[in-house]
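Before any comments, here is the structure.
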Number of protein chains: 2
Amino acid sequence: MSEVKLEDIVSLCKRRGFVFQASEIYGGLAGFWDYGPLGVEIINKIKATWWSAMVTESDNIFGVDGAIIQNPKLWEASGHVAGFTDPLVDCKNCGARHRADHLAGTDSTNLEELTELLKDKACPTCGKKTLTEPRTYNMMMKTWVGPIEDDSTVAYLRPETAGSIFTNYENVRETMRAKLPFGIAQIGKAFRNEISARDFIFRVRELEQMEMQYFINPKDSEKVYEDWRAFAWTFLVDRLGISEKNLQWHEHAENERAHYAAAAHDIYFNFPFGSKELWGTHNRTDFDLTSHSKASKKELSYFEESTKERFTPYVIESSVGVGRMFLAVLADAYFEEEKDGEKRIVLKLSSELAPYRFAVSPLLKNKPELAEKAREVYAACKKKYGNVMWDDNGNIGKRYRRQDEIGTPKCVVIDFQTLEDNTVTVRDRDTTEQVRVSIDDLISK
Amino acid sequence: MSEVKLEDIVSLCKRRGFVFQASEIYGGLAGFWDYGPLGVEIINKIKATWWSAMVTESDNIFGVDGAIIQNPKLWEASGHVAGFTDPLVDCKNCGARHRADHLAGTDSTNLEELTELLKDKACPTCGKKTLTEPRTYNMMMKTWVGPIEDDSTVAYLRPETAGSIFTNYENVRETMRAKLPFGIAQIGKAFRNEISARDFIFRVRELEQMEMQYFINPKDSEKVYEDWRAFAWTFLVDRLGISEKNLQWHEHAENERAHYAAAAHDIYFNFPFGSKELWGTHNRTDFDLTSHSKASKKELSYFEESTKERFTPYVIESSVGVGRMFLAVLADAYFEEEKDGEKRIVLKLSSELAPYRFAVSPLLKNKPELAEKAREVYAACKKKYGNVMWDDNGNIGKRYRRQDEIGTPKCVVIDFQTLEDNTVTVRDRDTTEQVRVSIDDLISK
């Protein structure tokens with residue numbers, strides 16, 4: 001369990017413009033969140049880092065960006081119309097609806113097992129023992145396409161981005177002249193009509209996923225599976241700077257696995273509400289391509305030139321939620337500590353993920369010569385680094401506290417000595433130490 | 001009118017992996033498209049360029065990333081529940097449904113006017129004069145949040161990203177300590193249940209928008225409006241490299257303007273199907289903040305320190321669709337020409353937008369010493385530039401044609417001379433001229 005309290009993170013997120021409730025002025029909407037100015041900078045950086053590692057730096061992984069709404073036949077073939085369900089119970093007395101598995105305190109979604117576990121359970125809302133037997137409820141969000149609302153025009157908001165990766169398998173293979181093994185990667189929104197949205201941005205109804213499906217010869221699946229497990233761990237530690245002590249492996253038991261998965265390992269992160277899944281590596285076997293081939297009557301098998309074999313590729317999936325990754329990054333970087341006799345909150349974000357690399361300030365706001373020089377330094381830093389913030393609000397101590405809270409690695413201060421020798425004070429977020437640096441060095445390094 | 005044919009662009013997009021029909025293997029879904037490997041690289045670059053110009057390079061424009069599904073009260077207050085409508089007619093004989101304004105050949109959505117224009121019109125589907133009078137139809141896509149499907153749980157997929165910019169106005173102002181003028185920018189998906197999706201990715205049901213709302217003192221609205229018109233034009237020409245001859249200004253007549261707009265200028269682009277809107281600059285007045293303040297009972301006015309005035313800010317909106325911009329970039333860059341006695345298709349994309357900056361090839365695929373050296377050069381180029389493609393398919397002429405079609409500015413070829421003097425051939429896409437360059441120069445420039 002993390003020592004960071006969720007309420008402290010939520011409060012920081014709201015106070016500093018990382019995350020707001022969606023439609024907050026209208027009382028919000030459960031399970032929906034808006035990223036504010038600093039949040040969106042971090043999630044953009046997370047997404048760019050993932051895309052670079054997954055697609056740009058790779059020789060055989062290709063990106064796609066599929067529509068959120070697809071032909072509903074896709075979700076029939078994938079098993080989501082029949083199988084993407086949560087077990088629910090209703091209270092016959094007060095009408096409240098509950099997740100049966102949460103109420104039973106189990107990870108299982110087996111209806112018989114849940115019926116047994118819940119048979120003497122009271123409704124948590126009214127306290128009466130008037131719960132129905134558990135039944136399944138589909139979590140896909142429904143809509144209609146076109147002006148007529150009937151069964152023939154029903155469509156769903158995608159429950160995972162993977163769907164349009166599988167339907168584009170053959171298009172990508174052909175247009176990119178790809179040979180196995182190759183992967184298709186996608187970043188995009190997905191929707192799950194969760195009964196109980198909770199834990200801030202962890203369990204939400206609208207989420208953003210980063211998914212990569214790697215198409216392989218079935219005989220290679222064990223090795224490739226291990227490679228993608230290793231990729232996920234290394235990415236979190238080396239690319240995002242997350243501490244290994246906050247990460248654990250969790251292997252799915254058979255009753256936890258999705259209907260398509262032969263093996264599944266999640267990386268769990270120590271969130272403030274417990275150790276929970278962050279990044280999944282799953283062996284989806286040939287389930288998806290076989291199902292889509294059958295339902296669409298399109299050939300989705302692969303001919304291996306070297307061995308003259310024809311087979312349906314296996315798929316190793318690497319899947320992570322952007323919001324969960326953002327929350328993990330924040331929780332991992334969040335510290336309350338005493339420094340120089342003062343309490344402070346500090347986000348020890350890597351400089352690649354921090355919303356701003358530098359904050360530039362004049363020591364005193366009301367000295368025109370300082371302000372003017374500071375504006376010059378600000379413009380030069382911004383030109384060089386892009387994400388640089390101007391900050392002349394309040395006194396210098398307050399500015400440092402504010403920049404610590406939003407994770408700015410360095411504060412650059414222009415003072416009277418700057419006017420004489422063209423050096424500035426650079427204050428380090430983590431050590432709070434200050435060094436004098438020449439403006440030329442600052443801009444050219 | 002452009003000389004480029006839409007069918008040629010659609011065919012190139014499919015053949016080279018820019019755009020595929022969503023769920024193509026299931027027969028597609030009208031109005032929904034997937035971006036393939038090369039398309040997603042271009043749209044990512046378009047979005048990154050816009051974000052940089054709008055947010056990163058600015059001192060007073062902040063990003064947000066709001067949820068697609070918001071509290072439905074937002075869309076009541078914004079006027080979309082009542083006013084985001086298309087005029088429709090039904091055919092009483094064959095049941096077909098048509099856009100009344102398209103059928104009448106007008107831009108007007110005035111029902112009386114349309115009734116008059118359509119009174120002797122026959123149904124284009126069955127030819128009978130059996131059309132109903134025009135009536136309005138709401139274009140927002142509907143869904144439900146949570147397990148119960150009834151009026152109390154209805155929600156909409158956002159019809160524009162602007163909504164969550166207005167609801168976050170006060171949150172952003174406060175957390176960023178922003179003073180007028182300041183802007184809020186957002187990139188994200190929006191949905192419109194168009195009756196007739198058409199013109200490839202131009203009129204679609206799922207689209208991605210890039211919107212910026214600039215909050216100002218009402219007295220500055222005329223000047224600021226002109227500034228943002230200029231911004232849009234300059235961005236298209238200087239940042240995306242679009243030819244000015246393909247762009248025109250179009251001022252909205254009163255009956256064309258959205259319900260909230262006091263003035264609206266669109267930049268039209270010469271698409272293959274005619275000159276159509278690409279980028280809108282609108283003066284939304286204080287309509288949005290006033291409406292949301294009234295509906296939410298939250299104070300959204302602004303106190304101007306310097307003049308001690310309190311007022312509701314005006315909003316100048318700058319709004320453009322990612323898909324339309326992508327299509328404009330492609331249509332603008334598409335040429336069929338004769339070069340060195342051969343016909344070719346070439347995409348003259350700027351090197352900032354091209355999916356790949358370089359393609360690296362060995363002159364002959366089956367010479368191991370060339371292939372090995374080429375792999376070395378490829379690795380070094382990729383390390384330096386990121387988006388670099390390896391291409392050893394077919395003969396060199398075919399490779400050039402293929403790289404021309406996907407807009408790769410430079411082809412780097414490793415031949416026998418390379419092994420002797422460490423120089424490579426660099427072939428320019430636009431001139432088709434070849435020069436010899438040392439590998440060191442290639443990698444360090």
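Ordering of the structure tokens sets the chain letters (A, B, ...), residue numbers begin anew at 1 in every chain, and ligands are numbered from 1 in the order given.
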Worksheet item: Skipping near chain neighbours, those fewer than 2 positions away, what residues fall within 12 Å of A:Phe287 using only C-alpha atoms, listed as JSON, numbers by chain?
Response: {"A": [77, 78, 79, 166, 215, 218, 258, 259, 260, 261, 262, 282, 283, 284, 285, 289, 290, 291, 292, 293, 294, 300, 312, 313, 314, 315, 316]}
Dump C-alpha atoms for the selected residues as a PDB file, in the first residue's frame?
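Saved file again.pdb follows:
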ATOM      1  CA  ALA A  77     -17.542 -11.367 -33.426  1.00  0.00           C
ATOM      2  CA  SER A  78     -15.184 -10.293 -30.632  1.00  0.00           C
ATOM      3  CA  GLY A  79     -17.537 -11.698 -28.006  1.00  0.00           C
ATOM      4  CA  PHE A 166      -7.820  -6.720 -35.601  1.00  0.00           C
ATOM      5  CA  PHE A 215       1.050 -10.711 -34.504  1.00  0.00           C
ATOM      6  CA  PRO A 218       2.005 -19.386 -32.630  1.00  0.00           C
ATOM      7  CA  ALA A 258     -10.889 -12.157 -20.202  1.00  0.00           C
ATOM      8  CA  HIS A 259     -12.762 -14.565 -22.425  1.00  0.00           C
ATOM      9  CA  TYR A 260     -10.066 -14.412 -25.103  1.00  0.00           C
ATOM     10  CA  ALA A 261      -6.896 -14.748 -23.035  1.00  0.00           C
ATOM     11  CA  ALA A 262      -4.748 -17.860 -22.619  1.00  0.00           C
ATOM     12  CA  HIS A 282      -2.000 -10.951 -22.546  1.00  0.00           C
ATOM     13  CA  ASN A 283      -1.711 -13.883 -24.880  1.00  0.00           C
ATOM     14  CA  ARG A 284      -4.931 -13.575 -26.900  1.00  0.00           C
ATOM     15  CA  THR A 285      -3.990 -16.646 -29.009  1.00  0.00           C
ATOM     16  CA  LEU A 289      -8.334 -13.245 -35.982  1.00  0.00           C
ATOM     17  CA  THR A 290     -10.188 -16.572 -36.054  1.00  0.00           C
ATOM     18  CA  SER A 291     -13.411 -15.005 -34.759  1.00  0.00           C
ATOM     19  CA  HIS A 292     -13.232 -12.086 -37.180  1.00  0.00           C
ATOM     20  CA  SER A 293     -12.342 -14.332 -40.088  1.00  0.00           C
ATOM     21  CA  LYS A 294     -15.325 -16.541 -39.357  1.00  0.00           C
ATOM     22  CA  LEU A 300      -7.059 -13.619 -42.120  1.00  0.00           C
ATOM     23  CA  THR A 312      -3.657 -17.883 -38.123  1.00  0.00           C
ATOM     24  CA  PRO A 313      -1.274 -15.630 -36.184  1.00  0.00           C
ATOM     25  CA  TYR A 314      -1.324 -15.520 -32.417  1.00  0.00           C
ATOM     26  CA  VAL A 315      -1.562 -12.141 -30.781  1.00  0.00           C
ATOM     27  CA  ILE A 316       0.363 -10.873 -27.773  1.00  0.00           C
TER      28      ILE A 316
END
Item to complete: Would you mind listing what lies within 9 Å of stretch 3-5 of chain B as a list in words, with only C-alpha atoms counted and same-chain residues fewer than 5 positions away left out?
Response: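 After dropping sequence-adjacent residues, the list is Val10, Phe271, Pro272, Phe273, Ala331, Asp332, Tyr334, Phe335 and Glu336 of chain B.
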Worksheet item: Closest to chain B among A:Cys126, A:Val224, A:Leu117, A:Leu157, using only C-alpha atoms?
Response: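 Nearest candidate to chain B out of A:Cys126, A:Val224, A:Leu117, A:Leu157: A:Leu157.
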Item to complete: Run DSSP on the backbone of this structure and report the residues of stretch 97-323 of chain B it assigns to strand (DSSP E), as an MDAnalysis selection string.
Response: chainID B and resid 97:99 135:138 141:144 154:157 182:191 206:216 247:251 263:271 274:285 302:304 309:311 314:321
Worksheet entry | B:Ala328 surroundings by only C-alpha atoms, 9 Å radius, close-in-sequence under 3 positions cut, as a VMD selection string | chain B and resid 242 269 to 271 278 323 to 325 331 to 333
Writing out the chosen residues with all heavy atoms as a compact mmCIF listing (two decimals), in the first residue's frame:
# COMPACT_ATOMS: atom_id res chain seq x y z
N ILE B 242 0.47 24.82 -47.12
CA ILE B 242 -0.64 24.78 -48.09
C ILE B 242 -0.56 26.00 -49.00
O ILE B 242 -0.29 27.11 -48.55
CB ILE B 242 -1.98 24.69 -47.34
CG1 ILE B 242 -2.10 23.29 -46.71
CG2 ILE B 242 -3.17 24.98 -48.27
CD1 ILE B 242 -3.35 23.05 -45.92
N PHE B 269 -11.26 25.74 -48.48
CA PHE B 269 -10.17 25.10 -49.24
C PHE B 269 -10.76 24.50 -50.51
O PHE B 269 -11.89 24.02 -50.50
CB PHE B 269 -9.51 24.01 -48.39
CG PHE B 269 -8.43 23.25 -49.13
CD1 PHE B 269 -7.14 23.76 -49.21
CD2 PHE B 269 -8.71 22.05 -49.77
CE1 PHE B 269 -6.15 23.08 -49.91
CE2 PHE B 269 -7.72 21.36 -50.47
CZ PHE B 269 -6.44 21.88 -50.54
N ASN B 270 -10.00 24.54 -51.59
CA ASN B 270 -10.43 23.91 -52.86
C ASN B 270 -10.33 22.40 -52.76
O ASN B 270 -9.34 21.80 -53.20
CB ASN B 270 -9.52 24.36 -54.01
CG ASN B 270 -9.86 25.74 -54.48
OD1 ASN B 270 -10.97 26.24 -54.26
ND2 ASN B 270 -8.90 26.38 -55.13
N PHE B 271 -11.35 21.78 -52.17
CA PHE B 271 -11.36 20.31 -52.12
C PHE B 271 -11.73 19.78 -53.50
O PHE B 271 -12.28 20.51 -54.34
CB PHE B 271 -12.38 19.84 -51.08
CG PHE B 271 -11.93 20.06 -49.67
CD1 PHE B 271 -12.46 21.09 -48.89
CD2 PHE B 271 -10.98 19.22 -49.08
CE1 PHE B 271 -12.05 21.30 -47.58
CE2 PHE B 271 -10.57 19.42 -47.76
CZ PHE B 271 -11.10 20.46 -47.02
N LEU B 278 -12.98 24.87 -44.09
CA LEU B 278 -11.86 24.17 -43.45
C LEU B 278 -11.67 24.68 -42.02
O LEU B 278 -11.62 23.90 -41.08
CB LEU B 278 -10.59 24.39 -44.29
CG LEU B 278 -9.27 23.90 -43.71
CD1 LEU B 278 -9.31 22.40 -43.47
CD2 LEU B 278 -8.11 24.25 -44.65
N GLY B 323 -9.49 15.91 -39.53
CA GLY B 323 -9.67 15.13 -40.75
C GLY B 323 -9.71 16.01 -41.99
O GLY B 323 -9.12 15.69 -43.01
N ARG B 324 -10.42 17.14 -41.88
CA ARG B 324 -10.48 18.05 -43.02
C ARG B 324 -9.11 18.65 -43.32
O ARG B 324 -8.74 18.86 -44.47
CB ARG B 324 -11.46 19.18 -42.72
CG ARG B 324 -12.88 18.70 -42.76
CD ARG B 324 -13.88 19.81 -42.53
NE ARG B 324 -15.22 19.23 -42.55
CZ ARG B 324 -16.35 19.92 -42.52
NH1 ARG B 324 -16.30 21.24 -42.46
NH2 ARG B 324 -17.51 19.32 -42.55
N MET B 325 -8.37 18.94 -42.26
CA MET B 325 -7.05 19.50 -42.47
C MET B 325 -6.14 18.47 -43.13
O MET B 325 -5.37 18.79 -44.04
CB MET B 325 -6.47 19.95 -41.13
CG MET B 325 -5.42 21.02 -41.30
SD MET B 325 -4.75 21.47 -39.71
CE MET B 325 -5.43 23.08 -39.46
N ALA B 331 -4.73 16.82 -50.52
CA ALA B 331 -5.19 17.31 -51.83
C ALA B 331 -4.24 18.38 -52.35
O ALA B 331 -3.95 18.46 -53.55
CB ALA B 331 -6.61 17.86 -51.71
N ASP B 332 -3.73 19.20 -51.44
CA ASP B 332 -2.80 20.26 -51.84
C ASP B 332 -1.47 19.69 -52.32
O ASP B 332 -0.82 20.27 -53.20
CB ASP B 332 -2.57 21.17 -50.63
CG ASP B 332 -1.84 22.44 -51.01
OD1 ASP B 332 -2.46 23.30 -51.67
OD2 ASP B 332 -0.65 22.57 -50.66
N ALA B 333 -1.07 18.57 -51.75
CA ALA B 333 0.26 18.00 -52.05
C ALA B 333 0.22 17.00 -53.19
O ALA B 333 1.26 16.56 -53.67
CB ALA B 333 0.81 17.33 -50.79
Item to complete: Tell me, as a PyMOL selection string, which residues lie within 10 Å of A:Leu442, counting only C-alpha atoms; anything in the same chain fewer than 2 positions away does not count.
Response: chain A and resi 377+380-381+384+412+423-424+426+437-440+444-445
Discussion item. For A:Gln186, find every residue with an atom within 7 Å (counting only C-alpha atoms), except residues of its own chain fewer than 5 positions away, and show them as a PyMOL selection string.
Written reply: chain A and resi 63-65+161+210-212
So that each row is one residue of stretch 79-195 of chain A with an atom at most 9 Å from stretch 203-208 of chain A, can you give its shortest atom pair and the distance in Å to one decimal, using only C-alpha atoms, rows by chain and rising number, as a Markdown table?
| residue | atom | partner | partner_atom | distance |
| --- | --- | --- | --- | --- |
| A:Thr161 | CA | A:Glu208 | CA | 8.8 |
| A:Ile187 | CA | A:Glu208 | CA | 7.1 |
| A:Gly188 | CA | A:Glu208 | CA | 5.3 |
| A:Lys189 | CA | A:Glu208 | CA | 4.1 |
| A:Ala190 | CA | A:Leu207 | CA | 5.4 |
| A:Phe191 | CA | A:Glu206 | CA | 4.6 |
| A:Arg192 | CA | A:Arg205 | CA | 4.8 |
| A:Asn193 | CA | A:Arg205 | CA | 5.4 |
| A:Glu194 | CA | A:Arg205 | CA | 5.8 |
| A:Ile195 | CA | A:Arg205 | CA | 8.9 |
Worksheet item: What is the atom CA of B:Leu131 to atom CA of B:Asp90 distance in Å?
Response: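 Separation between atom CA of B:Leu131 and atom CA of B:Asp90: 5.6 Å.
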Practice prompt. Would you list the contacts of B:Pro368 as number ranges by chain, taking every protein, DNA or RNA residue within 12 Å and counting only C-alpha atoms, but skipping same-chain residues closer than 4 positions in sequence?
Written response: B: 362-364, 372-375, 414-416, 419
Worksheet item: Of the candidates A:Met141, A:Val89, A:Ala104, A:Leu114, which one gets nearest to chain B if we count only C-alpha atoms?
Response: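 Distance minimum relative to chain B lands on A:Met141.
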Item to complete: Would you please extract all alpha helix (DSSP H) residues from stretch 100-282 of chain B, as assigned by DSSP on the backbone, and give them as a VMD selection string?
Response: chain B and resid 100 to 104 111 to 118 162 to 167 169 to 175 221 to 234
Could you take the residues named above and write them with N, CA and C atoms, as a compact mmCIF listing (two decimals), in the first residue's frame?
# COMPACT_ATOMS: atom_id res chain seq x y z
N ALA B 100 -33.27 18.33 -45.95
CA ALA B 100 -34.12 19.27 -46.68
C ALA B 100 -33.30 20.36 -47.36
N ASP B 101 -32.26 20.84 -46.68
CA ASP B 101 -31.48 21.92 -47.27
C ASP B 101 -30.68 21.45 -48.48
N HIS B 102 -30.15 20.22 -48.42
CA HIS B 102 -29.43 19.70 -49.58
C HIS B 102 -30.39 19.53 -50.75
N LEU B 103 -31.57 18.99 -50.47
CA LEU B 103 -32.56 18.75 -51.52
C LEU B 103 -33.00 20.06 -52.17
N ALA B 104 -33.10 21.10 -51.33
CA ALA B 104 -33.54 22.41 -51.85
C ALA B 104 -32.38 23.17 -52.49
N LEU B 111 -37.12 26.74 -41.76
CA LEU B 111 -38.13 25.74 -42.15
C LEU B 111 -39.16 26.29 -43.12
N GLU B 112 -39.58 27.55 -42.90
CA GLU B 112 -40.57 28.13 -43.81
C GLU B 112 -40.04 28.24 -45.23
N GLU B 113 -38.81 28.75 -45.29
CA GLU B 113 -38.16 28.89 -46.59
C GLU B 113 -38.04 27.53 -47.29
N LEU B 114 -37.63 26.53 -46.50
CA LEU B 114 -37.44 25.19 -47.07
C LEU B 114 -38.77 24.60 -47.54
N THR B 115 -39.82 24.82 -46.75
CA THR B 115 -41.15 24.31 -47.12
C THR B 115 -41.54 24.87 -48.49
N GLU B 116 -41.31 26.17 -48.63
CA GLU B 116 -41.61 26.84 -49.89
C GLU B 116 -40.79 26.24 -51.05
N LEU B 117 -39.50 26.10 -50.82
CA LEU B 117 -38.61 25.61 -51.88
C LEU B 117 -38.90 24.16 -52.29
N LEU B 118 -39.42 23.38 -51.32
CA LEU B 118 -39.57 21.94 -51.58
C LEU B 118 -40.97 21.53 -51.97
N ALA B 162 -15.85 22.50 -27.74
CA ALA B 162 -15.94 23.78 -27.04
C ALA B 162 -16.63 23.69 -25.67
N GLY B 163 -17.64 22.81 -25.57
CA GLY B 163 -18.43 22.73 -24.33
C GLY B 163 -17.60 22.64 -23.06
N SER B 164 -16.66 21.71 -23.03
CA SER B 164 -15.89 21.55 -21.80
C SER B 164 -14.82 22.63 -21.64
N ILE B 165 -14.61 23.42 -22.68
CA ILE B 165 -13.75 24.60 -22.51
C ILE B 165 -14.51 25.65 -21.68
N PHE B 166 -15.77 25.86 -22.01
CA PHE B 166 -16.55 26.86 -21.27
C PHE B 166 -16.80 26.43 -19.83
N THR B 167 -17.12 25.15 -19.62
CA THR B 167 -17.38 24.73 -18.23
C THR B 167 -16.11 24.77 -17.40
N TYR B 169 -13.79 27.17 -17.82
CA TYR B 169 -13.25 28.53 -17.88
C TYR B 169 -12.75 29.01 -16.51
N GLU B 170 -13.61 28.88 -15.53
CA GLU B 170 -13.27 29.40 -14.20
C GLU B 170 -12.16 28.57 -13.54
N ASN B 171 -12.23 27.26 -13.70
CA ASN B 171 -11.17 26.40 -13.17
C ASN B 171 -9.81 26.76 -13.76
N VAL B 172 -9.77 26.99 -15.04
CA VAL B 172 -8.49 27.31 -15.70
C VAL B 172 -8.01 28.70 -15.27
N ARG B 173 -8.94 29.65 -15.27
CA ARG B 173 -8.57 31.01 -14.89
C ARG B 173 -7.94 31.01 -13.50
N GLU B 174 -8.58 30.29 -12.59
CA GLU B 174 -8.13 30.30 -11.21
C GLU B 174 -6.81 29.53 -11.02
N THR B 175 -6.74 28.31 -11.54
CA THR B 175 -5.54 27.50 -11.29
C THR B 175 -4.32 28.06 -12.03
N SER B 221 -13.19 42.89 -29.15
CA SER B 221 -13.56 41.73 -29.99
C SER B 221 -13.23 41.91 -31.46
N GLU B 222 -13.38 43.13 -31.98
CA GLU B 222 -13.12 43.26 -33.42
C GLU B 222 -11.66 43.03 -33.78
N LYS B 223 -10.77 43.63 -32.98
CA LYS B 223 -9.36 43.46 -33.27
C LYS B 223 -8.92 42.00 -33.09
N VAL B 224 -9.34 41.40 -31.97
CA VAL B 224 -8.92 40.03 -31.68
C VAL B 224 -9.45 39.06 -32.74
N TYR B 225 -10.67 39.32 -33.19
CA TYR B 225 -11.27 38.50 -34.25
C TYR B 225 -10.36 38.51 -35.50
N GLU B 226 -9.90 39.69 -35.86
CA GLU B 226 -9.01 39.79 -37.02
C GLU B 226 -7.68 39.08 -36.77
N ASP B 227 -7.17 39.18 -35.54
CA ASP B 227 -5.91 38.49 -35.22
C ASP B 227 -6.04 36.98 -35.43
N TRP B 228 -7.17 36.43 -34.98
CA TRP B 228 -7.32 34.97 -35.10
C TRP B 228 -7.63 34.53 -36.51
N ARG B 229 -8.28 35.40 -37.29
CA ARG B 229 -8.41 35.10 -38.72
C ARG B 229 -7.02 35.02 -39.34
N ALA B 230 -6.17 35.96 -39.02
CA ALA B 230 -4.81 35.98 -39.57
C ALA B 230 -4.01 34.76 -39.11
N PHE B 231 -4.21 34.39 -37.85
CA PHE B 231 -3.50 33.23 -37.31
C PHE B 231 -3.79 31.99 -38.15
N ALA B 232 -5.08 31.78 -38.44
CA ALA B 232 -5.51 30.57 -39.17
C ALA B 232 -4.86 30.53 -40.56
N TRP B 233 -4.93 31.66 -41.25
CA TRP B 233 -4.37 31.72 -42.61
C TRP B 233 -2.87 31.46 -42.59
N THR B 234 -2.18 32.13 -41.67
CA THR B 234 -0.73 31.98 -41.57
C THR B 234 -0.34 30.55 -41.21
